[in-house]
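J.: Okay, handing you the structure first.
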Amino acid sequence: MSSLRTNGMTDVYSIIALASLCDFAFKHRMIAQLMPNSFSEDLKYFYENFEEFKVLKDSLQDFEIFSSNENDLFYRELKKQSLKNEDDPRENMSVIELLNSKSYREQDNYLLAENVLSPVIADWISGGKTGLKIYCPFNSMLNVESSLLRDNQIISPCTSEKLKLARTLHLICNGMKVPELPVMRFEEIKRNQESFDAGFTFPPLDKDMQEQIIENMVYSITGRFCVIVSLGFTFRLGNTAKIRNEVLDTRRLQAVAELPTGFLPNSGISCAALFFAPKTDFQDSVMFINLSGGEFRDRERSSRMFTVLNSPAVEILKSGLAGTEYELCKKVSYSEIESGGQVITPSRYVLSAEVQSSQEQILKGSTRLSEIVDFVRVQVGRKENEGELYYEVTAGDINPAGLVEQPERAIHLSKDNPALKSQLRQNDLIFAIKGSVGKVGLITGTPCNWVVNQSFVILRLKNKDWPVEFVFRQLKSNAMKNYIQSKTTGSVIPSLTMAELRELPLIAPTPHLIEKQKFRHERQIKLVKQIRELQKELAEFNEF
């Protein structure tokens with residue numbers, strides 16, 4: 001289906017309802033027959049002729065909320081596009097799957113990203129029991145609900161009547177039982193005192209909403225439940241840390257699985273699944289499951305926009321939820337979590353083989369970075385249109401050899417601007433603690449009016465027994481990069497705390513190591529120069 005465009009008047013809930021009904025007609029080969037009809041005419045026709053729509057007996061009139069000239073224009077356009085695809089061999093793919101997709105394959109695999117995990121999560125939540133009363137507040141991952149619907153009662157609050165109706169129609173048109181969908185404003189969730197046997201939700205990734213939903217579920221669900229949150233919940237400070245501590249105090253958190261970036265399609269946000277034990281089943285440890293690595297990506301079914309987990313990842317998740325330690329699946333005591341600042345990010349505790357090897361190599365160092373350098377925190381300067389001309393060093397000004405070249409960004413700073421406190425000197429090292437965490441640059445020569453971007457910290461050697469090139473080479477090594485990765489928090493904006501930076505272990509210099517790294521440093525600089533000369537020569541061959 002070609003990408004569809006609305007006139008801007010058709011909201012997302014209407015799109016779900018309109019596309020779901022069109023999908024039903026598409027699957028029953030009735031598009032041509034119903035082409036002239038409006039949305040309300042088609043809904044009435046299906047109600048009168050198909051048993052699955054009889055559940056709408058008392059609410060059929062409510063669906064008039066989706067009837068408007070704009071929506072009907074869009075609905076008929078949907079049917080026209082569907083008619084073009086009736087002979088397509090992928091006829092079982094729904095209209096809503098095709099809607100606004102760049103290709104069939106990408107959208108199909110997006111659904112697989114959910115489908116791979118949904119049965120595993122649903123089986124764990126139910127634990128083989130039936131007749132459960134399951135709470136799914138503001139949930140967007142309907143595949144888990146579908147898996148749980150078979151033998152249980154689902155209560156899944158919606159934020160509006162329109163969302164409730166859109167979800168109802170979507171479920172009916174896709175052959176699923178309609179659970180109880182009460183309308184509840186998000187602000188009312190704290191007043192919900194009802195008790196439930198189990199639960200699941202993948203709520204909107206709003207920080208405050210996530211935190212309140214987790215609190216609500218912890219105290220209203222007696223049995224198992226799972227919440228998928230943004231990875232930030234596992235490490236953020238402030239109120240998030242307070243909620244996280246309260247959750248840990250209940251001793252119900254049984255497992256945390258870190259999911260790959262791309263599990264949430266078209267987003268750079270990483271997620272984690274939190275698995276909670278029943279109220280009476282107190283835990284003395286948490287099983288951390290790290291599924292974030294590229295080795296768990298199903299390369300055939302994943303795309304640039306989303307990630308589908310492969311079979312080994314699913315087996316690791318199953319093992320972890322069953323309480324068995326496995327590859328990248330490790331139990332950590334509550335006391336160890338507490339001593340680690342109550343951080344519950346799996347990649348903090350469970351490392352890949354490559355990172356483990358780097359850890360072992362780096363931890364051989366007996367000297368801490370703070371013992372040999374002074375740290376200069378970069379001051380945030382105010383923007384000015386007048387003043388002396390300066391140049392701000394950014395990550396893009398560090399060449400492949402790690403040397404800082406002439407910065408491109410020119411700024412004006414007056415004499416009292418705080419940014420001048422971070423003016424660079426010869427032999428300074430700059431180390432990124434935000435964004436491009438771990439990127440290191442060496443200032444050679446005499447910098448002229450250079451300051452550094454606030455994502456960096458300036459390192460100035462205070463121990464003359466440590467050559468600057470030797471420290472620089474060690475900080476930019478692959479082993480150190482892997483080590484730093486295990487200490488980094490944040491998915492949207494990765495960051496490293498100053499405390500972690502101060503404690504970076506370094507191997508002390510010896511004459512042999514100094515000479516070895518000096519040779520490599522000089523050789524790398526020569527290679528970068530040669531590569532650039534070759535690139536310039538290659539570009540000249542494009543001239544006619």
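Going through the structure tokens in order, the chains are called A, B, and so on, while each chain numbers its residues from 1 and the ligands are numbered from 1 in the order shown.
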Give one line per residue of range 403-502 of chain A that approaches range 366-369 of chain A to at most 10 Å, naming the two atoms of the closest pair and their distance in Å to one decimal, counting only C-alpha atoms; sort by chain then ascending residue number and deliver it as CSV.
T.:
```
residue,atom,partner,partner_atom,distance
A:Leu459,CA,A:Leu369,CA,9.3
A:Leu461,CA,A:Leu369,CA,9.6
A:Val471,CA,A:Leu369,CA,9.1
A:Leu475,CA,A:Leu369,CA,9.7
A:Glu500,CA,A:Leu369,CA,9.9
A:Leu501,CA,A:Leu369,CA,7.4
A:Arg502,CA,A:Leu369,CA,5.5
```
J.: Can you pull out the residues contacting Ala241 in chain A? Cut-off 12 Å, using only C-alpha atoms, and skip same-chain residues under 3 positions away; I want them as a list of chain:residue names.
T.: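 Residues near the query, excluding close chain neighbours: A:Lys207, A:Glu211, A:Gly232, A:Phe233, A:Thr234, A:Phe235, A:Arg236, A:Leu237, A:Gly238, A:Arg244, A:Asn245, A:Glu246, A:Val247, A:Leu248, A:Glu338, A:Gly341, A:Gln342, A:Val343, A:Ile344.
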J.: Excluding range 426-430 of chain A and its own-chain neighbours fewer than 3 positions away, which residues fall within 10 Å of it when counting only C-alpha atoms? Please give them as a ChimeraX atom specification.
T.: /A:373,375-376,393-395,398,402-404,433,438-448,452-453,455-461,467-469,471-472,475
J.: Keeping only N, CA and C atoms, take the residues you just selected and write them out as a CSV table (one decimal), in the first residue's frame.
T.:
```
chain,number,residue,atom,x,y,z
A,373,VAL,N,45.9,13.2,37.6
A,373,VAL,CA,45.4,14.4,36.9
A,373,VAL,C,44.5,15.3,37.8
A,375,PHE,N,41.1,17.7,37.5
A,375,PHE,CA,39.9,17.7,36.7
A,375,PHE,C,39.4,19.2,36.6
A,376,VAL,N,39.2,19.6,35.4
A,376,VAL,CA,38.6,21.0,35.2
A,376,VAL,C,37.2,20.8,34.6
A,393,VAL,N,35.8,23.7,21.0
A,393,VAL,CA,36.1,22.3,20.6
A,393,VAL,C,34.9,21.4,20.9
A,394,THR,N,34.5,20.6,19.8
A,394,THR,CA,33.5,19.6,20.0
A,394,THR,C,34.0,18.2,19.6
A,395,ALA,N,33.2,17.2,19.8
A,395,ALA,CA,33.7,15.8,19.5
A,395,ALA,C,34.1,15.7,18.0
A,398,ILE,N,37.9,16.1,16.9
A,398,ILE,CA,38.9,15.1,17.2
A,398,ILE,C,39.1,14.2,16.0
A,402,GLY,N,42.9,10.8,17.4
A,402,GLY,CA,42.6,11.4,18.7
A,402,GLY,C,43.2,12.8,19.0
A,403,LEU,N,43.8,13.4,18.0
A,403,LEU,CA,44.3,14.7,18.1
A,403,LEU,C,43.2,15.8,17.9
A,404,VAL,N,43.2,16.8,18.6
A,404,VAL,CA,42.2,17.9,18.4
A,404,VAL,C,42.7,18.9,17.4
A,433,ILE,N,32.1,13.1,28.9
A,433,ILE,CA,31.3,12.4,29.9
A,433,ILE,C,29.8,12.4,29.6
A,438,GLY,N,33.4,8.7,26.7
A,438,GLY,CA,34.7,8.0,26.5
A,438,GLY,C,35.5,8.5,25.4
A,439,LYS,N,35.0,9.5,24.6
A,439,LYS,CA,35.8,10.0,23.5
A,439,LYS,C,36.9,10.9,24.1
A,440,VAL,N,38.2,10.7,23.7
A,440,VAL,CA,39.3,11.4,24.3
A,440,VAL,C,40.0,12.2,23.2
A,441,GLY,N,40.4,13.4,23.5
A,441,GLY,CA,41.2,14.2,22.6
A,441,GLY,C,42.4,14.8,23.3
A,442,LEU,N,43.5,14.9,22.5
A,442,LEU,CA,44.8,15.4,23.0
A,442,LEU,C,45.1,16.8,22.3
A,443,ILE,N,45.4,17.8,23.2
A,443,ILE,CA,45.7,19.1,22.6
A,443,ILE,C,47.2,19.2,22.4
A,444,THR,N,47.6,19.3,21.1
A,444,THR,CA,49.0,19.4,20.8
A,444,THR,C,49.2,20.9,20.4
A,445,GLY,N,50.5,21.3,20.3
A,445,GLY,CA,50.8,22.7,20.0
A,445,GLY,C,50.2,23.6,21.0
A,446,THR,N,50.1,24.9,20.6
A,446,THR,CA,49.6,25.9,21.5
A,446,THR,C,48.2,26.4,21.0
A,447,PRO,N,47.1,26.0,21.7
A,447,PRO,CA,45.8,26.3,21.2
A,447,PRO,C,45.6,27.8,21.3
A,448,CYS,N,45.0,28.4,20.3
A,448,CYS,CA,44.8,29.9,20.3
A,448,CYS,C,43.3,30.1,20.5
A,452,VAL,N,36.3,24.4,25.4
A,452,VAL,CA,35.8,23.1,25.1
A,452,VAL,C,34.3,23.0,25.4
A,453,ASN,N,33.6,22.2,24.6
A,453,ASN,CA,32.2,22.0,24.8
A,453,ASN,C,31.9,21.4,26.2
A,455,SER,N,30.2,19.1,27.2
A,455,SER,CA,30.0,17.6,27.4
A,455,SER,C,31.4,17.0,27.8
A,456,PHE,N,32.4,17.8,27.8
A,456,PHE,CA,33.8,17.3,28.2
A,456,PHE,C,34.2,17.7,29.5
A,457,VAL,N,35.2,17.0,30.1
A,457,VAL,CA,36.0,17.4,31.2
A,457,VAL,C,37.4,17.5,30.8
A,458,ILE,N,38.1,18.6,31.3
A,458,ILE,CA,39.5,18.7,31.0
A,458,ILE,C,40.4,18.0,32.0
A,459,LEU,N,41.3,17.2,31.5
A,459,LEU,CA,42.3,16.5,32.4
A,459,LEU,C,43.6,17.1,32.3
A,460,ARG,N,44.2,17.5,33.4
A,460,ARG,CA,45.6,18.1,33.4
A,460,ARG,C,46.5,17.3,34.2
A,461,LEU,N,47.5,16.8,33.6
A,461,LEU,CA,48.5,15.9,34.4
A,461,LEU,C,49.2,16.7,35.5
A,467,PRO,N,53.8,10.2,31.2
A,467,PRO,CA,53.8,11.0,29.9
A,467,PRO,C,52.4,11.2,29.4
A,468,VAL,N,52.0,12.4,28.9
A,468,VAL,CA,50.7,12.7,28.5
A,468,VAL,C,50.2,11.7,27.4
A,469,GLU,N,51.1,11.4,26.5
A,469,GLU,CA,50.8,10.4,25.4
A,469,GLU,C,50.4,9.0,25.9
A,471,VAL,N,49.1,8.3,29.0
A,471,VAL,CA,47.8,8.4,29.6
A,471,VAL,C,46.7,8.4,28.5
A,472,PHE,N,47.0,9.3,27.5
A,472,PHE,CA,46.1,9.4,26.4
A,472,PHE,C,45.8,8.1,25.7
A,475,LEU,N,43.6,5.8,27.8
A,475,LEU,CA,42.2,6.2,27.9
A,475,LEU,C,41.5,6.0,26.6
```
J.: Just asking: which residues within range 68-246 of chain A are strand (DSSP E or B) according to DSSP, as a list in words?
T.: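 Selecting the strand (DSSP E or B) positions of range 68-246 of chain A gives Lys133, Ile134, Tyr135, Gln153, Ile154, Ile155, Cys158, Glu180, Val183, Phe196, Ala198, Gly199, Phe200, Thr201, Ile221, Phe225, Cys226, Val227, Ile228, Val229 and Ser230 of chain A.
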J.: Can you spit out the residues from that selection as a PDB file, in the first residue's frame, using N, CA, C and O atoms?
T.:
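And here is the file that came out, selection-v7.pdb:
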```pdb
ATOM      1  N   LYS A 133      -7.849 -12.515  37.285  1.00  0.00           N
ATOM      2  CA  LYS A 133      -8.294 -11.145  37.039  1.00  0.00           C
ATOM      3  C   LYS A 133      -7.030 -10.316  36.813  1.00  0.00           C
ATOM      4  O   LYS A 133      -6.264 -10.082  37.739  1.00  0.00           O
ATOM      5  N   ILE A 134      -6.809  -9.906  35.548  1.00  0.00           N
ATOM      6  CA  ILE A 134      -5.530  -9.313  35.156  1.00  0.00           C
ATOM      7  C   ILE A 134      -5.693  -7.831  34.825  1.00  0.00           C
ATOM      8  O   ILE A 134      -6.569  -7.442  34.060  1.00  0.00           O
ATOM      9  N   TYR A 135      -4.824  -7.031  35.398  1.00  0.00           N
ATOM     10  CA  TYR A 135      -4.877  -5.569  35.305  1.00  0.00           C
ATOM     11  C   TYR A 135      -3.820  -5.095  34.307  1.00  0.00           C
ATOM     12  O   TYR A 135      -2.634  -5.381  34.455  1.00  0.00           O
ATOM     13  N   GLN A 153      -9.753 -12.903  32.775  1.00  0.00           N
ATOM     14  CA  GLN A 153     -10.486 -11.639  32.645  1.00  0.00           C
ATOM     15  C   GLN A 153      -9.481 -10.500  32.637  1.00  0.00           C
ATOM     16  O   GLN A 153      -8.669 -10.376  33.551  1.00  0.00           O
ATOM     17  N   ILE A 154      -9.525  -9.673  31.594  1.00  0.00           N
ATOM     18  CA  ILE A 154      -8.597  -8.548  31.472  1.00  0.00           C
ATOM     19  C   ILE A 154      -9.329  -7.245  31.744  1.00  0.00           C
ATOM     20  O   ILE A 154     -10.406  -6.998  31.201  1.00  0.00           O
ATOM     21  N   ILE A 155      -8.745  -6.412  32.605  1.00  0.00           N
ATOM     22  CA  ILE A 155      -9.244  -5.058  32.833  1.00  0.00           C
ATOM     23  C   ILE A 155      -8.147  -4.107  32.378  1.00  0.00           C
ATOM     24  O   ILE A 155      -7.048  -4.100  32.941  1.00  0.00           O
ATOM     25  N   CYS A 158      -8.558   2.732  29.748  1.00  0.00           N
ATOM     26  CA  CYS A 158      -8.179   3.639  28.658  1.00  0.00           C
ATOM     27  C   CYS A 158      -8.295   5.075  29.160  1.00  0.00           C
ATOM     28  O   CYS A 158      -9.007   5.351  30.126  1.00  0.00           O
ATOM     29  N   GLU A 180     -12.475  -6.029  29.450  1.00  0.00           N
ATOM     30  CA  GLU A 180     -13.131  -4.889  30.085  1.00  0.00           C
ATOM     31  C   GLU A 180     -12.243  -3.664  29.902  1.00  0.00           C
ATOM     32  O   GLU A 180     -11.073  -3.664  30.303  1.00  0.00           O
ATOM     33  N   VAL A 183     -13.025   3.497  31.182  1.00  0.00           N
ATOM     34  CA  VAL A 183     -12.379   4.779  30.909  1.00  0.00           C
ATOM     35  C   VAL A 183     -11.934   5.371  32.232  1.00  0.00           C
ATOM     36  O   VAL A 183     -12.722   5.525  33.162  1.00  0.00           O
ATOM     37  N   PHE A 196      -6.091  -7.148  42.163  1.00  0.00           N
ATOM     38  CA  PHE A 196      -5.998  -7.980  40.970  1.00  0.00           C
ATOM     39  C   PHE A 196      -5.049  -9.149  41.209  1.00  0.00           C
ATOM     40  O   PHE A 196      -4.168  -9.098  42.076  1.00  0.00           O
ATOM     41  N   ALA A 198      -3.024 -10.546  38.721  1.00  0.00           N
ATOM     42  CA  ALA A 198      -1.811 -10.431  37.901  1.00  0.00           C
ATOM     43  C   ALA A 198      -1.908  -9.156  37.076  1.00  0.00           C
ATOM     44  O   ALA A 198      -2.941  -8.461  37.105  1.00  0.00           O
ATOM     45  N   GLY A 199      -0.853  -8.858  36.321  1.00  0.00           N
ATOM     46  CA  GLY A 199      -0.908  -7.623  35.538  1.00  0.00           C
ATOM     47  C   GLY A 199       0.205  -7.504  34.518  1.00  0.00           C
ATOM     48  O   GLY A 199       1.227  -8.184  34.586  1.00  0.00           O
ATOM     49  N   PHE A 200      -0.026  -6.613  33.572  1.00  0.00           N
ATOM     50  CA  PHE A 200       0.982  -6.278  32.565  1.00  0.00           C
ATOM     51  C   PHE A 200       0.676  -4.899  32.004  1.00  0.00           C
ATOM     52  O   PHE A 200      -0.485  -4.526  31.841  1.00  0.00           O
ATOM     53  N   THR A 201       1.729  -4.153  31.686  1.00  0.00           N
ATOM     54  CA  THR A 201       1.543  -2.924  30.921  1.00  0.00           C
ATOM     55  C   THR A 201       2.834  -2.493  30.241  1.00  0.00           C
ATOM     56  O   THR A 201       3.933  -2.733  30.735  1.00  0.00           O
ATOM     57  N   ILE A 221      -1.771  -5.298  42.861  1.00  0.00           N
ATOM     58  CA  ILE A 221      -1.693  -6.642  42.288  1.00  0.00           C
ATOM     59  C   ILE A 221      -1.063  -7.596  43.298  1.00  0.00           C
ATOM     60  O   ILE A 221       0.051  -7.353  43.784  1.00  0.00           O
ATOM     61  N   PHE A 225       3.354  -9.699  37.971  1.00  0.00           N
ATOM     62  CA  PHE A 225       3.075  -8.716  36.924  1.00  0.00           C
ATOM     63  C   PHE A 225       4.372  -8.242  36.292  1.00  0.00           C
ATOM     64  O   PHE A 225       5.465  -8.420  36.847  1.00  0.00           O
ATOM     65  N   CYS A 226       4.237  -7.650  35.120  1.00  0.00           N
ATOM     66  CA  CYS A 226       5.390  -7.167  34.358  1.00  0.00           C
ATOM     67  C   CYS A 226       5.089  -5.766  33.837  1.00  0.00           C
ATOM     68  O   CYS A 226       3.966  -5.494  33.393  1.00  0.00           O
ATOM     69  N   VAL A 227       6.076  -4.890  33.904  1.00  0.00           N
ATOM     70  CA  VAL A 227       5.956  -3.528  33.368  1.00  0.00           C
ATOM     71  C   VAL A 227       7.157  -3.268  32.463  1.00  0.00           C
ATOM     72  O   VAL A 227       8.296  -3.500  32.861  1.00  0.00           O
ATOM     73  N   ILE A 228       6.900  -2.808  31.245  1.00  0.00           N
ATOM     74  CA  ILE A 228       7.992  -2.400  30.354  1.00  0.00           C
ATOM     75  C   ILE A 228       8.139  -0.888  30.454  1.00  0.00           C
ATOM     76  O   ILE A 228       7.170  -0.147  30.281  1.00  0.00           O
ATOM     77  N   VAL A 229       9.351  -0.459  30.772  1.00  0.00           N
ATOM     78  CA  VAL A 229       9.625   0.966  31.013  1.00  0.00           C
ATOM     79  C   VAL A 229      10.803   1.414  30.140  1.00  0.00           C
ATOM     80  O   VAL A 229      11.524   0.588  29.576  1.00  0.00           O
ATOM     81  N   SER A 230      10.993   2.721  30.046  1.00  0.00           N
ATOM     82  CA  SER A 230      12.200   3.223  29.397  1.00  0.00           C
ATOM     83  C   SER A 230      13.382   2.876  30.288  1.00  0.00           C
ATOM     84  O   SER A 230      13.262   2.807  31.523  1.00  0.00           O
TER      85      SER A 230
END
```
J.: Could you name the residues that touch range 476-491 of chain A at 8 Å or less, counting only C-alpha atoms, but leaving out those on the same chain fewer than 2 positions away, as number ranges by chain?
T.: A: 231-232, 235, 268-270, 347-348, 351, 354-355, 357-359, 361-362, 402, 437-440, 472-474, 493-497, 500
J.: In Å, how far is it from CA of Ser146 in chain A to CA of Pro346 in chain A?
T.: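 These two atoms are separated by 28.0 Å.
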J.: From the list A:Phe519, A:Phe26, A:Tyr13, A:Phe275, which residue is nearest Ala122 in chain A when using only C-alpha atoms?
T.: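 Going through A:Phe519, A:Phe26, A:Tyr13, A:Phe275 one by one, the smallest distance to Ala122 in chain A is for A:Phe275.
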J.: Give the alpha helix (DSSP H) residues of range 200-416 of chain A, as assigned by DSSP on the backbone, as a VMD selection string.
T.: chain A and resid 207 to 220 239 to 249 311 to 321 334 to 339 346 to 349 353 to 362
